[in-house]
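Report on one structure; see the data block that follows.
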Amino acid sequence: MTIPTPHISANNKDLIAETILLPGDPLRAKFIADNFLEDVVQFNAVRNMFGFTGTYNGKRISVMGTGMGMPSIGIYSYELINFYGVKNLIRVGSCGALQPELKLYDIVIGMSASTNSNYLHQYNLPGTFAPTASFSLLEKAVKVARDLGVRYHVGNILSSDTFYDDDKEAWKRWAKMGVLAVEMEAAALYANAARASVNALTILTVSDSLVTHEETTAEERQTAFTNMMKIALEL
Ligand code: HPA
């Protein structure tokens, strides 16, 4: 395997840290680098999918956008893991609540990720694979969330291929199975990590509710985002 890859222009493995935060939005990655990291170096701008490496409390950490959806995070996480040797991948994103007890801005930690995607068919398994978070990252994230005293939920999330689903009731069938919230990337991230024996976790903030039809505004999301970042950066 050779670097640079088709989608990441870093020409040296050492430009990317072993631990990386993965927001969907590349400008969010820039915001995180600008506001939370020190001694920042940009390692990618291909397709404007910005990636940066810096330090947080003296420890090296990277942050890069993934784009939306499983094909997109699938590509970036595959290259980070298999070409650049990244070992800990932590997605930070937003989700839609599928349960009434999830309030706007609550934190959701994805213990597992169910999916309506065909992404997992590539492994040609003789059954159904259960994409699962790294227990060590999960355990640490729960501890930090508890210590911060924020509202958080841990459980199964849905990684959906559709944001605008033609079947307006489909989410209710996942909700009946206890699935907490819907997003669009975790299952692919967990599968890529599992395939390569590395660690992955997804931390989300509730940005809208399919149950109550409430939505957050961009400014309001900032506070919840800061809590999520506090958790992710402590890992
Ligand atoms: N659906 C899918 N992904 C999301 C949602 C949603 O309602 N909200 C935030 N990410």
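Going by the structure tokens order, chains are called A, B, ..., each with residues numbered from 1, while ligands are numbered from 1 in the order shown.
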Neighbours of ligand 1 within 10 Å, counting only C-alpha atoms and all ligand atoms, as JSON, numbers by chain? {"A": [24, 68, 69, 93, 94, 95, 96, 97, 98, 158, 159, 160, 161, 162, 163, 164, 165, 171, 181, 182, 183, 184, 185, 204, 205, 206, 207, 208, 209, 210, 213, 215]}
Dump of N, CA, C and O atoms for the selected residues, as a compact mmCIF listing (two decimals), in the first residue's frame:
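The resulting part_13.txt:
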```
# COMPACT_ATOMS: atom_id res chain seq x y z
N GLY A 24 -18.19 15.01 10.19
CA GLY A 24 -18.60 14.88 8.80
C GLY A 24 -18.14 16.07 7.97
O GLY A 24 -17.66 15.92 6.84
N MET A 68 -20.51 13.01 4.13
CA MET A 68 -21.72 12.38 4.65
C MET A 68 -21.93 11.01 4.03
O MET A 68 -21.71 10.82 2.83
N GLY A 69 -22.37 10.07 4.84
CA GLY A 69 -22.76 8.76 4.33
C GLY A 69 -21.66 7.72 4.41
O GLY A 69 -20.47 8.03 4.53
N GLY A 93 -20.39 13.61 15.55
CA GLY A 93 -21.40 14.06 14.59
C GLY A 93 -22.72 14.37 15.25
O GLY A 93 -22.82 14.53 16.46
N SER A 94 -23.74 14.45 14.40
CA SER A 94 -25.08 14.73 14.92
C SER A 94 -26.01 13.58 14.54
O SER A 94 -25.68 12.75 13.69
N CYS A 95 -27.14 13.53 15.21
CA CYS A 95 -28.08 12.43 14.95
C CYS A 95 -29.51 12.90 15.18
O CYS A 95 -29.76 13.92 15.83
N GLY A 96 -30.44 12.13 14.64
CA GLY A 96 -31.86 12.36 14.85
C GLY A 96 -32.37 11.36 15.89
O GLY A 96 -32.13 10.16 15.76
N ALA A 97 -33.08 11.85 16.92
CA ALA A 97 -33.57 10.97 17.99
C ALA A 97 -34.70 10.09 17.48
O ALA A 97 -35.60 10.56 16.77
N LEU A 98 -34.66 8.80 17.86
CA LEU A 98 -35.74 7.87 17.53
C LEU A 98 -36.55 7.48 18.77
O LEU A 98 -37.52 6.73 18.66
N LEU A 158 -28.69 3.77 14.37
CA LEU A 158 -28.96 3.34 13.00
C LEU A 158 -28.12 4.18 12.04
O LEU A 158 -28.19 5.41 12.06
N SER A 159 -27.31 3.49 11.23
CA SER A 159 -26.59 4.18 10.16
C SER A 159 -27.43 4.00 8.89
O SER A 159 -27.53 2.89 8.36
N SER A 160 -28.02 5.09 8.44
CA SER A 160 -28.95 5.03 7.31
C SER A 160 -28.32 5.54 6.03
O SER A 160 -27.52 6.47 6.05
N ASP A 161 -28.67 4.92 4.92
CA ASP A 161 -28.22 5.41 3.60
C ASP A 161 -29.06 6.60 3.15
O ASP A 161 -28.70 7.27 2.19
N THR A 162 -30.20 6.82 3.81
CA THR A 162 -31.08 7.90 3.38
C THR A 162 -31.31 8.91 4.50
O THR A 162 -31.50 8.53 5.65
N PHE A 163 -31.24 10.18 4.15
CA PHE A 163 -31.69 11.24 5.06
C PHE A 163 -33.17 11.50 4.79
O PHE A 163 -33.95 11.68 5.70
N TYR A 164 -33.53 11.51 3.50
CA TYR A 164 -34.93 11.69 3.08
C TYR A 164 -35.44 10.33 2.61
O TYR A 164 -35.24 9.96 1.46
N ASP A 165 -36.04 9.57 3.53
CA ASP A 165 -36.48 8.22 3.18
C ASP A 165 -37.88 8.26 2.59
O ASP A 165 -38.77 8.96 3.12
N TRP A 171 -38.40 4.48 10.23
CA TRP A 171 -37.65 4.71 11.47
C TRP A 171 -38.37 4.11 12.69
O TRP A 171 -37.73 3.69 13.64
N ALA A 181 -31.04 6.35 17.90
CA ALA A 181 -30.95 7.53 17.04
C ALA A 181 -30.45 7.14 15.67
O ALA A 181 -29.86 6.07 15.48
N VAL A 182 -30.66 8.03 14.70
CA VAL A 182 -30.23 7.77 13.32
C VAL A 182 -29.15 8.76 12.91
O VAL A 182 -29.22 9.94 13.21
N GLU A 183 -28.11 8.22 12.23
CA GLU A 183 -27.07 9.03 11.60
C GLU A 183 -26.71 8.29 10.32
O GLU A 183 -27.50 7.45 9.88
N MET A 184 -25.56 8.57 9.70
CA MET A 184 -25.34 7.99 8.38
C MET A 184 -23.95 7.39 8.14
O MET A 184 -23.59 7.11 7.00
N GLU A 185 -23.16 7.19 9.19
CA GLU A 185 -21.76 6.77 8.97
C GLU A 185 -21.22 5.65 9.86
O GLU A 185 -20.30 4.93 9.45
N LEU A 204 -22.27 11.32 19.31
CA LEU A 204 -23.18 12.18 18.56
C LEU A 204 -23.89 13.15 19.50
O LEU A 204 -24.03 12.87 20.70
N THR A 205 -24.35 14.26 18.96
CA THR A 205 -25.29 15.10 19.71
C THR A 205 -26.61 15.09 18.94
O THR A 205 -26.63 15.08 17.71
N VAL A 206 -27.69 15.08 19.69
CA VAL A 206 -29.02 15.04 19.07
C VAL A 206 -29.31 16.42 18.46
O VAL A 206 -29.38 17.43 19.16
N SER A 207 -29.45 16.45 17.13
CA SER A 207 -29.70 17.73 16.45
C SER A 207 -31.17 17.88 16.05
O SER A 207 -31.61 18.96 15.70
N ASP A 208 -31.91 16.76 16.06
CA ASP A 208 -33.33 16.82 15.72
C ASP A 208 -34.00 15.56 16.24
O ASP A 208 -33.32 14.61 16.64
N SER A 209 -35.31 15.58 16.28
CA SER A 209 -36.04 14.41 16.78
C SER A 209 -37.09 13.98 15.78
O SER A 209 -37.93 14.80 15.37
N LEU A 210 -37.05 12.71 15.38
CA LEU A 210 -38.09 12.20 14.49
C LEU A 210 -39.38 11.97 15.26
O LEU A 210 -40.45 11.90 14.68
N HIS A 213 -40.32 16.08 16.11
CA HIS A 213 -40.08 17.00 14.99
C HIS A 213 -39.39 18.28 15.43
O HIS A 213 -39.40 19.28 14.71
N GLU A 215 -36.12 20.67 16.09
CA GLU A 215 -34.81 20.82 15.45
C GLU A 215 -33.99 21.85 16.21
O GLU A 215 -34.56 22.75 16.82
```
How would you write, as a VMD selection string, the set of residues in stretch 123-232 of chain A that DSSP gives as alpha helix (DSSP H)? chain A and resid 135 to 148 170 to 176 186 to 195 218 to 232
Top pick for closest residue to A:Glu219, considering A:Asp25, A:Tyr105, A:Pro71, A:Ala232 and counting only C-alpha atoms: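 Smallest distance to A:Glu219 is found for A:Tyr105.
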Neighbour list for A:Val86 as a PyMOL selection string, cut-off 10 Å, only C-alpha atoms, skip fewer than 3 positions in-chain: chain A and resi 13+16-20+62+77-83+89+193+198-199
Let's see if you can do this: from backbone DSSP, list all strand (DSSP E) residues in stretch 144-231 of chain A, as a ChimeraX atom specification. /A:152-159,181-183,199-209
Option closest in space to A:Ala29, from A:Met49, A:Gly65, A:Ala218, A:Leu15 [counting only C-alpha atoms]: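 Result for the nearest residue to A:Ala29: A:Gly65.
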For A:Tyr190, which residue out of A:Val40, A:Met70, A:Ile32, A:Ile3 is the nearest one, using only C-alpha atoms?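 Distance minimum relative to A:Tyr190 lands on A:Met70.
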Which is closest to A:Leu27 among A:Gly127, A:Gly74, A:Gly85, A:Gly51, if we use only C-alpha atoms?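 Nearest to A:Leu27: A:Gly51.
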